[in-house]
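Structure data follow from upload-v6.tsv (TSV, C-alpha atoms and all ligand atoms):
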```tsv
chain	number	residue	atom	x	y	z
O	538	MET	CA	121.24	64.03	94.23
O	539	THR	CA	121.98	63.01	97.82
O	540	SER	CA	125.62	64.13	97.73
O	541	ILE	CA	124.75	67.62	96.50
O	542	ARG	CA	124.13	69.59	99.67
O	543	PRO	CA	123.50	73.28	100.39
O	544	GLN	CA	125.64	75.20	102.85
O	545	PRO	CA	125.00	74.55	106.57
O	546	GLY	CA	122.04	76.49	107.94
O	547	ILE	CA	120.12	76.81	104.70
O	548	LEU	CA	117.82	73.84	105.29
O	549	ASP	CA	117.03	75.28	108.75
O	550	ILE	CA	115.36	78.27	107.10
O	551	ALA	CA	111.57	78.27	107.32
O	552	PRO	CA	110.56	79.91	104.01
O	553	TYR	CA	109.12	83.41	104.41
O	554	VAL	CA	105.33	83.48	104.18
O	555	GLY	CA	103.91	86.77	102.90
O	556	GLY	CA	100.50	88.25	103.68
O	557	LYS	CA	97.60	86.53	101.91
O	558	SER	CA	96.06	88.44	99.03
O	559	SER	CA	93.07	86.28	98.11
O	560	VAL	CA	90.39	84.13	99.73
O	561	ALA	CA	88.92	81.14	97.87
O	562	GLY	CA	85.36	81.89	96.82
O	563	VAL	CA	85.41	85.56	97.89
O	564	THR	CA	85.67	88.27	95.26
O	565	ASN	CA	86.52	91.90	95.85
O	566	VAL	CA	88.77	91.38	98.87
O	567	THR	CA	90.40	94.17	100.86
O	568	LYS	CA	94.02	93.32	101.63
O	569	LEU	CA	95.13	94.57	105.03
O	570	SER	CA	97.83	91.94	105.51
O	571	SER	CA	101.07	93.41	104.13
O	572	ASN	CA	101.29	96.97	105.48
O	573	GLU	CA	100.93	98.47	102.03
O	574	ASN	CA	100.01	102.13	101.51
O	575	PRO	CA	96.26	102.14	100.69
O	576	PHE	CA	96.72	105.27	98.55
O	577	GLY	CA	99.42	103.70	96.37
O	578	PRO	CA	102.53	105.50	95.14
O	579	SER	CA	102.82	109.23	94.50
O	580	PRO	CA	101.43	110.32	91.09
O	581	ALA	CA	104.93	111.63	90.35
O	582	ALA	CA	106.30	108.10	90.80
O	583	GLN	CA	103.67	106.72	88.43
O	584	GLU	CA	104.70	109.30	85.81
O	585	ALA	CA	108.36	108.37	86.27
O	586	VAL	CA	107.51	104.71	85.68
O	587	LYS	CA	105.73	105.60	82.44
O	588	ARG	CA	108.67	107.67	81.24
O	589	SER	CA	111.07	104.86	82.05
O	590	VAL	CA	109.60	102.55	79.37
O	591	HIS	CA	111.58	104.44	76.74
O	592	GLU	CA	114.83	103.39	78.43
O	593	LEU	CA	114.14	99.71	79.00
O	594	HIS	CA	116.88	98.61	76.61
O	595	ARG	CA	119.49	100.47	78.68
O	596	TYR	CA	121.33	98.92	81.59
O	597	PRO	CA	120.53	100.88	84.74
O	598	SER	CA	122.92	102.98	86.80
O	599	THR	CA	125.31	100.92	88.91
O	600	ASP	CA	126.06	103.57	91.50
O	601	HIS	CA	122.47	104.83	91.99
O	602	ALA	CA	123.95	108.32	92.27
O	603	SER	CA	120.80	110.15	91.30
O	604	LEU	CA	118.56	108.36	93.82
O	605	ARG	CA	121.20	108.61	96.54
O	606	SER	CA	121.55	112.34	96.07
O	607	ALA	CA	117.76	112.80	96.11
O	608	ILE	CA	117.48	110.89	99.40
O	609	ALA	CA	120.44	112.78	100.83
O	610	GLU	CA	119.03	116.16	99.81
O	611	VAL	CA	115.55	115.56	101.19
O	612	GLN	CA	116.72	113.97	104.44
O	613	SER	CA	119.93	115.97	104.97
O	614	LEU	CA	122.23	112.95	104.79
O	615	ASP	CA	125.64	112.22	103.26
O	616	PRO	CA	125.02	110.56	99.83
O	617	GLU	CA	128.36	108.75	100.07
O	618	ARG	CA	127.10	106.75	103.02
O	619	ILE	CA	123.90	105.54	101.32
O	620	ILE	CA	123.54	102.16	99.59
O	621	CYS	CA	120.44	101.15	97.61
O	622	GLY	CA	119.08	97.61	97.48
O	623	VAL	CA	116.31	95.44	96.10
O	624	GLY	CA	114.05	96.26	99.01
O	625	SER	CA	115.62	96.73	102.40
O	626	ASP	CA	115.53	92.92	102.54
O	627	GLU	CA	118.54	92.86	100.22
O	628	ILE	CA	120.45	95.23	102.50
O	629	LEU	CA	119.64	93.04	105.53
O	630	HIS	CA	120.89	89.97	103.62
O	631	LEU	CA	124.06	91.77	102.48
O	632	LEU	CA	124.82	92.72	106.09
O	633	CYS	CA	124.50	89.08	107.18
O	634	GLN	CA	126.57	87.83	104.24
O	635	ALA	CA	129.32	90.38	104.88
O	636	TYR	CA	129.51	90.30	108.68
O	637	ALA	CA	128.27	86.93	109.96
O	638	GLY	CA	129.25	83.35	109.24
O	639	PRO	CA	129.62	79.96	110.92
O	640	GLY	CA	130.27	80.37	114.66
O	641	ASP	CA	128.96	83.93	114.73
O	642	GLU	CA	125.76	85.05	116.45
O	643	VAL	CA	123.08	87.36	115.13
O	644	ILE	CA	120.66	88.78	117.69
O	645	HIS	CA	117.02	89.55	116.98
O	646	THR	CA	114.14	90.12	119.35
O	647	GLU	CA	111.31	87.78	120.28
O	648	HIS	CA	108.73	89.32	117.94
O	649	GLY	CA	111.27	90.64	115.43
O	650	PHE	CA	110.97	90.59	111.62
O	651	ALA	CA	111.40	87.13	110.02
O	652	ILE	CA	114.13	88.21	107.60
O	653	TYR	CA	116.73	88.68	110.40
O	654	LYS	CA	116.67	84.99	111.23
O	655	ILE	CA	116.54	83.95	107.56
O	656	GLY	CA	119.51	86.19	106.70
O	657	ALA	CA	121.56	84.84	109.61
O	658	LEU	CA	120.89	81.20	108.69
O	659	ALA	CA	121.56	81.86	105.01
O	660	ALA	CA	125.00	83.15	106.00
O	661	GLY	CA	125.67	80.07	108.16
O	662	ALA	CA	125.49	82.11	111.37
O	663	THR	CA	123.43	81.35	114.49
O	664	PRO	CA	120.33	83.46	115.11
O	665	ILE	CA	119.77	84.29	118.79
O	666	GLU	CA	116.29	85.30	119.87
O	667	VAL	CA	116.04	87.54	122.95
O	668	PRO	CA	112.87	88.28	124.95
O	669	GLU	CA	110.93	91.52	124.64
O	670	ARG	CA	109.18	93.19	127.56
O	671	GLU	CA	105.42	93.12	126.88
O	672	ARG	CA	105.96	93.34	123.11
O	673	VAL	CA	108.55	96.13	123.37
O	674	THR	CA	112.26	95.80	122.54
O	675	ASP	CA	114.20	95.29	125.77
O	676	VAL	CA	117.69	96.79	125.62
O	677	ASP	CA	118.81	95.00	128.78
O	678	SER	CA	117.91	91.57	127.46
O	679	ILE	CA	119.77	92.30	124.22
O	680	LEU	CA	122.86	93.44	126.12
O	681	ALA	CA	122.66	90.35	128.34
O	682	ALA	CA	122.71	88.12	125.22
O	683	CYS	CA	125.84	89.75	123.75
O	684	ASN	CA	129.20	87.99	123.84
O	685	GLU	CA	132.40	87.74	121.80
O	686	ARG	CA	130.56	85.87	119.01
O	687	THR	CA	127.88	88.57	118.52
O	688	LYS	CA	128.31	90.18	115.10
O	689	LEU	CA	124.96	91.79	114.32
O	690	VAL	CA	122.02	93.04	116.39
O	691	PHE	CA	118.81	93.68	114.47
O	692	ILE	CA	115.99	95.78	115.83
O	693	ALA	CA	113.10	97.25	113.91
O	694	ASN	CA	112.00	100.60	115.31
O	695	PRO	CA	109.00	100.84	115.13
O	696	ASN	CA	108.83	97.05	115.20
O	697	ASN	CA	106.75	94.80	112.97
O	698	PRO	CA	104.40	93.13	113.94
O	699	THR	CA	104.08	94.85	117.34
O	700	GLY	CA	104.05	98.49	116.16
O	701	THR	CA	105.90	99.58	119.31
O	702	MET	CA	109.13	101.55	119.39
O	703	ILE	CA	111.85	102.61	121.81
O	704	GLY	CA	113.37	106.07	122.15
O	705	LEU	CA	116.70	107.29	120.81
O	706	ALA	CA	118.22	107.41	124.29
O	707	GLU	CA	117.55	103.68	124.68
O	708	ILE	CA	118.98	102.96	121.23
O	709	GLU	CA	122.06	104.95	122.10
O	710	ARG	CA	122.45	103.02	125.36
O	711	LEU	CA	122.24	99.79	123.35
O	712	ALA	CA	124.85	100.95	120.82
O	713	GLU	CA	127.11	102.09	123.64
O	714	GLY	CA	126.89	98.75	125.42
O	715	LEU	CA	127.58	96.45	122.46
O	716	PRO	CA	130.83	94.50	122.26
O	717	PRO	CA	133.35	96.14	119.89
O	718	GLN	CA	132.93	93.62	117.03
O	719	ALA	CA	129.11	94.00	116.88
O	720	LEU	CA	127.07	96.23	114.58
O	721	LEU	CA	123.62	97.55	115.55
O	722	VAL	CA	121.20	97.52	112.61
O	723	LEU	CA	118.19	99.81	113.01
O	724	ASP	CA	115.49	98.70	110.61
O	725	GLY	CA	113.48	101.83	109.87
O	726	ALA	CA	110.88	100.30	107.52
O	727	TYR	CA	108.21	102.33	109.34
O	728	ALA	CA	110.31	105.35	110.36
O	729	GLU	CA	108.50	107.67	107.92
O	730	TYR	CA	105.28	107.15	109.85
O	731	VAL	CA	106.76	108.66	113.00
O	732	ASP	CA	106.62	112.44	112.92
O	733	GLY	CA	110.02	113.97	113.68
O	734	TYR	CA	111.91	110.63	113.86
O	735	ASP	CA	115.02	110.36	111.66
O	736	GLY	CA	115.19	106.56	111.85
O	737	GLY	CA	118.44	106.85	113.77
O	738	ALA	CA	120.30	108.74	110.99
O	739	ARG	CA	122.01	111.14	113.41
O	740	LEU	CA	123.13	108.21	115.53
O	741	VAL	CA	124.62	106.56	112.44
O	742	GLU	CA	126.60	109.76	111.84
O	743	ALA	CA	127.74	110.02	115.43
O	744	ARG	CA	128.91	106.43	115.87
O	745	SER	CA	130.86	103.75	114.04
O	746	ASN	CA	128.69	100.79	115.10
O	747	VAL	CA	125.18	101.78	113.96
O	748	PHE	CA	123.60	101.12	110.57
O	749	MET	CA	120.08	102.12	109.44
O	750	THR	CA	117.91	100.48	106.78
O	751	ARG	CA	114.88	102.10	105.10
O	752	THR	CA	112.37	101.10	102.45
O	753	PHE	CA	110.18	102.45	99.67
O	754	SER	CA	107.74	99.56	100.21
O	755	LYS	CA	105.64	100.99	103.02
O	756	LEU	CA	104.80	104.71	103.17
O	757	TYR	CA	106.06	105.35	99.63
O	758	GLY	CA	103.75	102.65	98.28
O	759	LEU	CA	106.35	101.01	96.01
O	760	GLY	CA	106.46	97.47	97.43
O	761	GLY	CA	105.96	96.06	93.93
O	762	LEU	CA	109.12	97.71	92.59
O	763	ARG	CA	111.47	96.58	95.39
O	764	VAL	CA	113.59	99.51	96.51
O	765	GLY	CA	115.25	99.98	99.89
O	766	TRP	CA	118.37	101.67	101.16
O	767	GLY	CA	120.87	101.67	103.97
O	768	TYR	CA	122.83	104.42	105.74
O	769	GLY	CA	125.96	103.56	107.62
O	770	PRO	CA	129.64	104.12	108.31
O	771	ALA	CA	131.63	104.60	105.09
O	772	GLU	CA	133.69	101.40	105.57
O	773	ILE	CA	130.54	99.31	105.90
O	774	ILE	CA	128.95	100.87	102.82
O	775	ASP	CA	132.17	100.07	100.95
O	776	VAL	CA	132.05	96.42	102.07
O	777	LEU	CA	128.39	95.99	101.06
O	778	ASN	CA	128.99	97.60	97.65
O	779	ARG	CA	131.67	94.99	96.93
O	780	ILE	CA	129.17	92.13	97.21
O	781	ARG	CA	126.06	93.86	95.85
O	782	GLY	CA	125.02	93.01	92.29
O	783	PRO	CA	126.10	95.93	90.09
O	784	PHE	CA	122.70	96.20	88.38
O	785	ASN	CA	120.56	95.22	91.37
O	786	LEU	CA	117.97	97.97	90.81
O	787	SER	CA	116.14	98.52	87.52
O	788	GLY	CA	116.00	101.95	85.91
O	789	THR	CA	112.23	101.93	86.44
O	790	ALA	CA	112.60	101.25	90.16
O	791	LEU	CA	115.28	103.94	90.57
O	792	ALA	CA	113.19	106.55	88.73
O	793	ALA	CA	110.05	105.79	90.72
O	794	ALA	CA	111.89	105.92	94.04
O	795	GLU	CA	113.54	109.22	93.19
O	796	ALA	CA	110.24	110.83	92.21
O	797	SER	CA	108.64	109.49	95.42
O	798	VAL	CA	111.26	110.80	97.75
O	799	ARG	CA	111.03	114.26	96.18
O	800	ASP	CA	107.23	114.37	96.53
O	801	THR	CA	107.37	115.48	100.15
O	802	ALA	CA	103.80	116.82	100.13
O	803	TYR	CA	102.51	113.34	99.28
O	804	VAL	CA	104.64	111.80	102.03
O	805	GLU	CA	103.20	114.28	104.51
O	806	LYS	CA	99.64	113.55	103.40
O	807	CYS	CA	100.11	109.77	103.72
O	808	ARG	CA	101.72	110.15	107.13
O	809	SER	CA	98.94	112.32	108.56
O	810	GLU	CA	96.13	110.19	107.10
O	811	ASN	CA	97.76	107.09	108.55
O	812	THR	CA	98.05	108.66	112.00
O	813	ARG	CA	94.44	109.83	111.99
O	814	LEU	CA	93.05	106.46	110.83
O	815	ARG	CA	95.35	104.40	113.06
O	816	VAL	CA	94.17	106.24	116.16
O	817	TRP	CA	90.56	105.87	115.03
O	818	LEU	CA	90.97	102.14	114.34
O	819	ALA	CA	92.70	101.38	117.64
O	820	GLU	CA	89.97	103.21	119.56
O	821	ALA	CA	87.18	101.50	117.64
O	822	LEU	CA	88.72	98.08	118.34
O	823	ALA	CA	89.18	98.93	122.02
O	824	GLU	CA	85.49	99.81	122.24
O	825	HIS	CA	84.74	96.32	120.93
O	826	GLY	CA	86.93	94.78	123.64
O	827	VAL	CA	89.98	94.25	121.42
O	828	PRO	CA	93.07	95.92	122.92
O	829	SER	CA	96.28	96.86	121.13
O	830	ASP	CA	99.56	98.50	122.10
O	831	THR	CA	100.06	102.10	120.94
O	832	SER	CA	101.29	101.62	117.39
O	833	MET	CA	103.73	104.02	115.74
O	834	ALA	CA	103.49	102.33	112.32
O	835	ASN	CA	100.80	101.73	109.65
O	836	PHE	CA	99.20	98.75	111.36
O	837	VAL	CA	97.62	97.78	114.65
O	838	LEU	CA	98.33	94.53	116.50
O	839	ALA	CA	94.89	93.49	117.75
O	840	ARG	CA	94.96	91.13	120.72
O	841	PHE	CA	92.33	88.49	121.40
O	842	HIS	CA	91.71	86.24	124.43
O	843	ASP	CA	93.53	83.30	122.92
O	844	GLU	CA	94.64	81.65	119.71
O	845	ALA	CA	91.21	80.09	119.08
O	846	GLU	CA	89.47	83.46	119.23
O	847	ALA	CA	92.05	85.11	116.95
O	848	GLU	CA	91.70	82.22	114.52
O	849	ALA	CA	87.90	82.45	114.53
O	850	CYS	CA	87.98	86.21	114.03
O	851	ASN	CA	90.42	85.80	111.15
O	852	SER	CA	88.07	83.30	109.47
O	853	TYR	CA	85.10	85.59	109.96
O	854	LEU	CA	86.98	88.57	108.48
O	855	GLN	CA	87.99	86.45	105.48
O	856	SER	CA	84.37	85.44	104.91
O	857	GLN	CA	83.62	89.17	104.76
O	858	GLY	CA	86.40	89.78	102.22
O	859	LEU	CA	88.86	91.29	104.68
O	860	ILE	CA	92.36	89.84	104.78
O	861	VAL	CA	94.48	90.60	107.84
O	862	ARG	CA	97.71	88.96	109.02
O	863	GLN	CA	97.98	86.04	111.44
O	864	VAL	CA	101.17	86.38	113.43
O	865	GLY	CA	101.57	82.99	115.11
O	866	SER	CA	104.97	82.61	113.46
O	867	TYR	CA	106.04	85.79	115.31
O	868	GLY	CA	105.13	84.24	118.67
O	869	LEU	CA	101.79	86.07	118.77
O	870	PRO	CA	99.16	83.40	118.03
O	871	HIS	CA	96.47	85.30	119.97
O	872	ALA	CA	96.85	88.43	117.84
O	873	LEU	CA	96.03	89.68	114.33
O	874	ARG	CA	98.01	92.41	112.60
O	875	ILE	CA	95.73	94.79	110.74
O	876	THR	CA	97.14	97.27	108.24
O	877	VAL	CA	95.67	100.77	108.45
O	878	GLY	CA	93.82	101.01	105.15
O	879	ASP	CA	91.79	103.89	103.76
O	880	GLU	CA	88.86	105.21	105.74
O	881	SER	CA	86.26	102.79	104.39
O	882	SER	CA	88.51	99.75	104.98
O	883	CYS	CA	89.15	100.87	108.55
O	884	ARG	CA	85.43	101.28	109.15
O	885	ARG	CA	84.67	97.89	107.63
O	886	VAL	CA	87.27	95.99	109.59
O	887	ALA	CA	86.24	97.67	112.86
O	888	HIS	CA	82.57	96.98	112.11
O	889	CYS	CA	83.19	93.29	111.32
O	890	ILE	CA	85.32	92.78	114.43
O	891	GLY	CA	82.52	94.42	116.44
O	892	GLN	CA	80.03	91.95	114.93
O	893	PHE	CA	82.38	89.09	115.69
O	894	LYS	CA	82.84	90.13	119.32
O	895	ALA	CA	79.10	90.62	119.75
O	896	GLY	CA	78.51	87.11	118.46
O	897	GLU	CA	76.47	88.42	115.51
O	898	ARG	CA	78.05	86.27	112.87
B	1	LIG	C1	108.25	95.53	105.27
B	1	LIG	C2	109.45	95.47	106.11
B	1	LIG	C3	110.72	95.59	105.56
B	1	LIG	C4	110.92	96.00	104.14
B	1	LIG	O1	110.93	95.14	103.20
B	1	LIG	P1	111.36	95.55	101.72
B	1	LIG	O2	112.30	94.46	101.37
B	1	LIG	O3	112.03	96.88	101.75
B	1	LIG	O4	110.09	95.53	100.96
B	1	LIG	C5	111.84	95.58	106.38
B	1	LIG	N1	111.70	95.43	107.69
B	1	LIG	C6	110.51	95.33	108.27
B	1	LIG	C7	110.44	95.22	109.75
B	1	LIG	C8	109.35	95.33	107.50
B	1	LIG	O5	108.16	95.21	108.08
```
What is this file in structure tokens?
Ligand SMILES: *Cc1c(COP(=O)(O)O)cnc(C)c1O
Amino acid sequence: MTSIRPQPGILDIAPYVGGKSSVAGVTNVTKLSSNENPFGPSPAAQEAVKRSVHELHRYPSTDHASLRSAIAEVQSLDPERIICGVGSDEILHLLCQAYAGPGDEVIHTEHGFAIYKIGALAAGATPIEVPERERVTDVDSILAACNERTKLVFIANPNNPTGTMIGLAEIERLAEGLPPQALLVLDGAYAEYVDGYDGGARLVEARSNVFMTRTFSKLYGLGGLRVGWGYGPAEIIDVLNRIRGPFNLSGTALAAAEASVRDTAYVEKCRSENTRLRVWLAEALAEHGVPSDTSMANFVLARFHDEAEAEACNSYLQSQGLIVRQVGSYGLPHALRITVGDESSCRRVAHCIGQFKAGER
């Protein structure tokens, strides 16, 4: 046993902890801890899943051509530069595996998504955390951390768990300032929530050092089926395809994702409902003395006086059947990340936080 050892870095990984989905002793909980779409997937996606049961004995497509062309058509992209993965998590891992190893550095920001660090360590590379400026990605601090060992720079835009984002001019300045061997990865898990934002797709097309990842887990409501995709320079797509499992996505997942991406009316409806309810929720919390930064995603990062108050509020919400996300592991112990649910969930969570702040618990 003792002489069988994993590769360096792997035992340094703190296992990913997902959002809670149950509370002991409380039935009928409302889960606002994993940024899921409260309305679920498009009805067209549900139909596609049902139809797919007749094909379960067939191996799925290896090139994902049909899904790639649907994405490309709807978003005006080049299908040859798209790669599909088991969630965007798989794409993030493939990037680390392909481009970073022992001695290499992978930059992520202070409150960046946990998978960047996990992917870097899994590849044997060194994750480098750089400060943000008041919970916003700071291009200057990223550029200051770059050196000849930097291979990948991960930023989520909008970011999770802060909800903040930076503009395309700033992203372009970052890409322009990177050392020649480094790739900028723009994680667009929440890009669909931002009206008129392409996730950085045009920048990918204009440059050779920018890569974008996207997911069907958030706005498309397909987290349970695990589908994500990446858009990047042709050479990078080619490299990732060499190491990707040939049958990584099931036929069911591919069919559901394709139907979702084509249901643009549903996407529009989910986006506008989210914006309306997010603004409402942030204002309601502010009235109760709980501030948050302007979020561009489907959650709000509620800030409390200190860790003890956030902890107490979290316990109170749980006792009321409301599960939100503690974000101490993201360097934000005084905050709670609250997913924008449907209207009644938003009202309930705001009401309970109001009770908590008023000491009526
Ligand atoms: C949810 C999320 C993802 C997507 O995960 P999937 O593997 O596609 O489900 C990626 N990045 C960020 C920042 C996220 O919050």
* Could you tell me how far CA of Ala659 (chain O) lies from CA of Met749 (chain O), in Å and to one decimal? => 20.8 Å
Any chance you could tabulate, as a tab-separated table, the residues of region 720-790 of chain O at most 10 Å from region 689-702 of chain O with each one's nearest atom pair and distance in Å to one decimal, using all atoms listed in the file, in chain and rising number order?
```
residue	atom	partner	partner_atom	distance
O:Leu720	CA	O:Leu689	CA	4.9
O:Leu721	CA	O:Val690	CA	4.9
O:Val722	CA	O:Phe691	CA	4.9
O:Leu723	CA	O:Ile692	CA	5.4
O:Asp724	CA	O:Ala693	CA	4.3
O:Gly725	CA	O:Asn694	CA	5.8
O:Ala726	CA	O:Ala693	CA	7.4
O:Tyr727	CA	O:Pro695	CA	6.0
O:Ala728	CA	O:Pro695	CA	6.7
O:Glu729	CA	O:Pro695	CA	9.9
O:Tyr730	CA	O:Pro695	CA	9.0
O:Val731	CA	O:Pro695	CA	8.4
O:Gly736	CA	O:Asn694	CA	7.6
O:Gly737	CA	O:Asn694	CA	9.1
O:Asn746	CA	O:Leu689	CA	9.8
O:Val747	CA	O:Val690	CA	9.6
O:Phe748	CA	O:Phe691	CA	9.7
O:Met749	CA	O:Ala693	CA	9.6
O:Thr750	CA	O:Ala693	CA	9.2
```
* Long-range neighbours of region 595-597 of chain O as a PyMOL selection string, 8 Å cut-off, only C-alpha atoms, 4 positions minimum in chain -> chain O and resi 784+786-788
* **Expected selection as a VMD selection string for ligand LIG 1 (chain B) within 9 Å, only C-alpha atoms and all ligand atoms** => chain O and resid 571 to 573 622 to 629 649 to 653 692 to 698 724 to 727 750 to 755 759 to 766
* Given the choices O:Ala793, O:Cys889, O:Ala847, O:Val560, which gets closest to Gly865 (chain O) if the distance is worked out from all atoms listed in the file? ->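 Of the candidates, the smallest distance to Gly865 (chain O) is held by O:Ala847.
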* What is the distance, in Å and to one decimal place, between CA of Glu685 (chain O) and CA of Leu711 (chain O)? ->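 Between these atoms lies a distance of 15.8 Å.
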Contacts of region 642-673 of chain O with region 809-831 of chain O up to 10 Å, shortest pair per row, all atoms listed in the file, as a tab-separated table:
```
residue	atom	partner	partner_atom	distance
O:Glu671	CA	O:Asp830	CA	9.3
O:Arg672	CA	O:Asp830	CA	8.3
O:Val673	CA	O:Asp830	CA	9.4
```
* Computed interatomic separation between CA of Leu548 (chain O) and CA of Asn778 (chain O) (Å) ->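 So the two atoms, CA of Leu548 (chain O) and CA of Asn778 (chain O), lie 27.3 Å apart.
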* To do: Between O:Ile774, O:Ile541, O:Ala662, O:Cys807, single out the one closest to Pro616 (chain O), counting only C-alpha atoms.
  =>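 When distances to Pro616 (chain O) are compared using only C-alpha atoms, the smallest one comes from O:Ile774.
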* To do: Determine, counting all atoms listed in the file, which protein, DNA and RNA residues have an atom within 12 Å of an atom of Ala657 (chain O); residues of the same chain fewer than 2 positions away are not included. Present the result as a PyMOL selection string.
  => chain O and resi 545-547+549-550+629-645+651-655+659-666+687-691
* Smallest atom-to-atom distance to Ala845 (chain O): which of O:Arg744, O:Arg710, O:His871, O:His594, using all atoms listed in the file? -> O:His871
Would you place a box with edges along x, y and z of the file around all atoms of region 583-596 of chain O listed there, add 5 Å to each of its six sides, and report the centre and edge lengths in Å to one decimal, as AutoDock Vina command-line options?
```
--center_x 112.5 --center_y 104.0 --center_z 82.5 --size_x 27.7 --size_y 20.7 --size_z 21.8
```
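Within the 12 Å cut-off around Ile608 (chain O), using only C-alpha atoms and omitting residues fewer than 5 positions from it on the same chain, the listed residues are His601, Ala602, Ser603, Ser613, Leu614, Asp615, Pro616, Glu617, Arg618, Ile619, Ile620, Cys621, Arg751, Thr752, Phe753, Gly765, Trp766, Gly767, Tyr768, Leu791, Ala794, Glu795, Ala796, Ser797, Val798, Arg799, Asp800 and Thr801 of chain O.
The residue that comes closest to Arg781 (chain O), out of O:Ser606, O:Ser882, O:Thr599, O:Ser856 and on the basis of all atoms listed in the file, is O:Thr599.
Considering only C-alpha atoms, the residue among O:Thr789, O:Ser881, O:Gln612, O:Gln857 positioned nearest to Gln583 (chain O) is O:Thr789.
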* Residue contacts of Glu848 (chain O) (10 Å, only C-alpha atoms) excluding same-chain residues fewer than 6 positions away, as a PyMOL selection string -> chain O and resi 841+854+863+865+870-873
Please rebuild region 779-793 of chain O with N, CA and C atoms and return the result as a PDB file, in the frame of the given file.
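Resulting contents of selection-v3.pdb:
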```pdb
ATOM      1  N   ARG O 779     130.823  95.990  97.592  1.00  0.00           N
ATOM      2  CA  ARG O 779     131.670  94.990  96.930  1.00  0.00           C
ATOM      3  C   ARG O 779     130.894  93.713  96.621  1.00  0.00           C
ATOM      4  N   ILE O 780     129.900  93.392  97.453  1.00  0.00           N
ATOM      5  CA  ILE O 780     129.170  92.130  97.210  1.00  0.00           C
ATOM      6  C   ILE O 780     127.810  92.343  96.554  1.00  0.00           C
ATOM      7  N   ARG O 781     127.346  93.572  96.493  1.00  0.00           N
ATOM      8  CA  ARG O 781     126.060  93.860  95.850  1.00  0.00           C
ATOM      9  C   ARG O 781     126.147  93.628  94.348  1.00  0.00           C
ATOM     10  N   GLY O 782     125.047  93.142  93.754  1.00  0.00           N
ATOM     11  CA  GLY O 782     125.020  93.010  92.290  1.00  0.00           C
ATOM     12  C   GLY O 782     125.099  94.387  91.678  1.00  0.00           C
ATOM     13  N   PRO O 783     125.912  94.583  90.640  1.00  0.00           N
ATOM     14  CA  PRO O 783     126.100  95.930  90.090  1.00  0.00           C
ATOM     15  C   PRO O 783     124.829  96.534  89.496  1.00  0.00           C
ATOM     16  N   PHE O 784     123.942  95.683  88.988  1.00  0.00           N
ATOM     17  CA  PHE O 784     122.700  96.200  88.380  1.00  0.00           C
ATOM     18  C   PHE O 784     121.490  95.740  89.194  1.00  0.00           C
ATOM     19  N   ASN O 785     121.628  95.787  90.533  1.00  0.00           N
ATOM     20  CA  ASN O 785     120.560  95.220  91.370  1.00  0.00           C
ATOM     21  C   ASN O 785     119.224  95.939  91.213  1.00  0.00           C
ATOM     22  N   LEU O 786     119.235  97.243  90.932  1.00  0.00           N
ATOM     23  CA  LEU O 786     117.970  97.970  90.810  1.00  0.00           C
ATOM     24  C   LEU O 786     117.706  98.366  89.363  1.00  0.00           C
ATOM     25  N   SER O 787     116.486  98.152  88.892  1.00  0.00           N
ATOM     26  CA  SER O 787     116.140  98.520  87.520  1.00  0.00           C
ATOM     27  C   SER O 787     116.032 100.039  87.396  1.00  0.00           C
ATOM     28  N   GLY O 788     116.160 100.523  86.166  1.00  0.00           N
ATOM     29  CA  GLY O 788     116.000 101.950  85.910  1.00  0.00           C
ATOM     30  C   GLY O 788     114.604 102.428  86.309  1.00  0.00           C
ATOM     31  N   THR O 789     113.614 101.592  86.082  1.00  0.00           N
ATOM     32  CA  THR O 789     112.230 101.930  86.440  1.00  0.00           C
ATOM     33  C   THR O 789     112.112 102.111  87.954  1.00  0.00           C
ATOM     34  N   ALA O 790     112.672 101.185  88.698  1.00  0.00           N
ATOM     35  CA  ALA O 790     112.600 101.250  90.160  1.00  0.00           C
ATOM     36  C   ALA O 790     113.327 102.501  90.683  1.00  0.00           C
ATOM     37  N   LEU O 791     114.498 102.772  90.120  1.00  0.00           N
ATOM     38  CA  LEU O 791     115.280 103.940  90.570  1.00  0.00           C
ATOM     39  C   LEU O 791     114.514 105.238  90.289  1.00  0.00           C
ATOM     40  N   ALA O 792     113.906 105.322  89.098  1.00  0.00           N
ATOM     41  CA  ALA O 792     113.190 106.550  88.730  1.00  0.00           C
ATOM     42  C   ALA O 792     111.972 106.765  89.620  1.00  0.00           C
ATOM     43  N   ALA O 793     111.252 105.674  89.887  1.00  0.00           N
ATOM     44  CA  ALA O 793     110.050 105.790  90.720  1.00  0.00           C
ATOM     45  C   ALA O 793     110.419 106.197  92.142  1.00  0.00           C
TER      46      ALA O 793
END
```
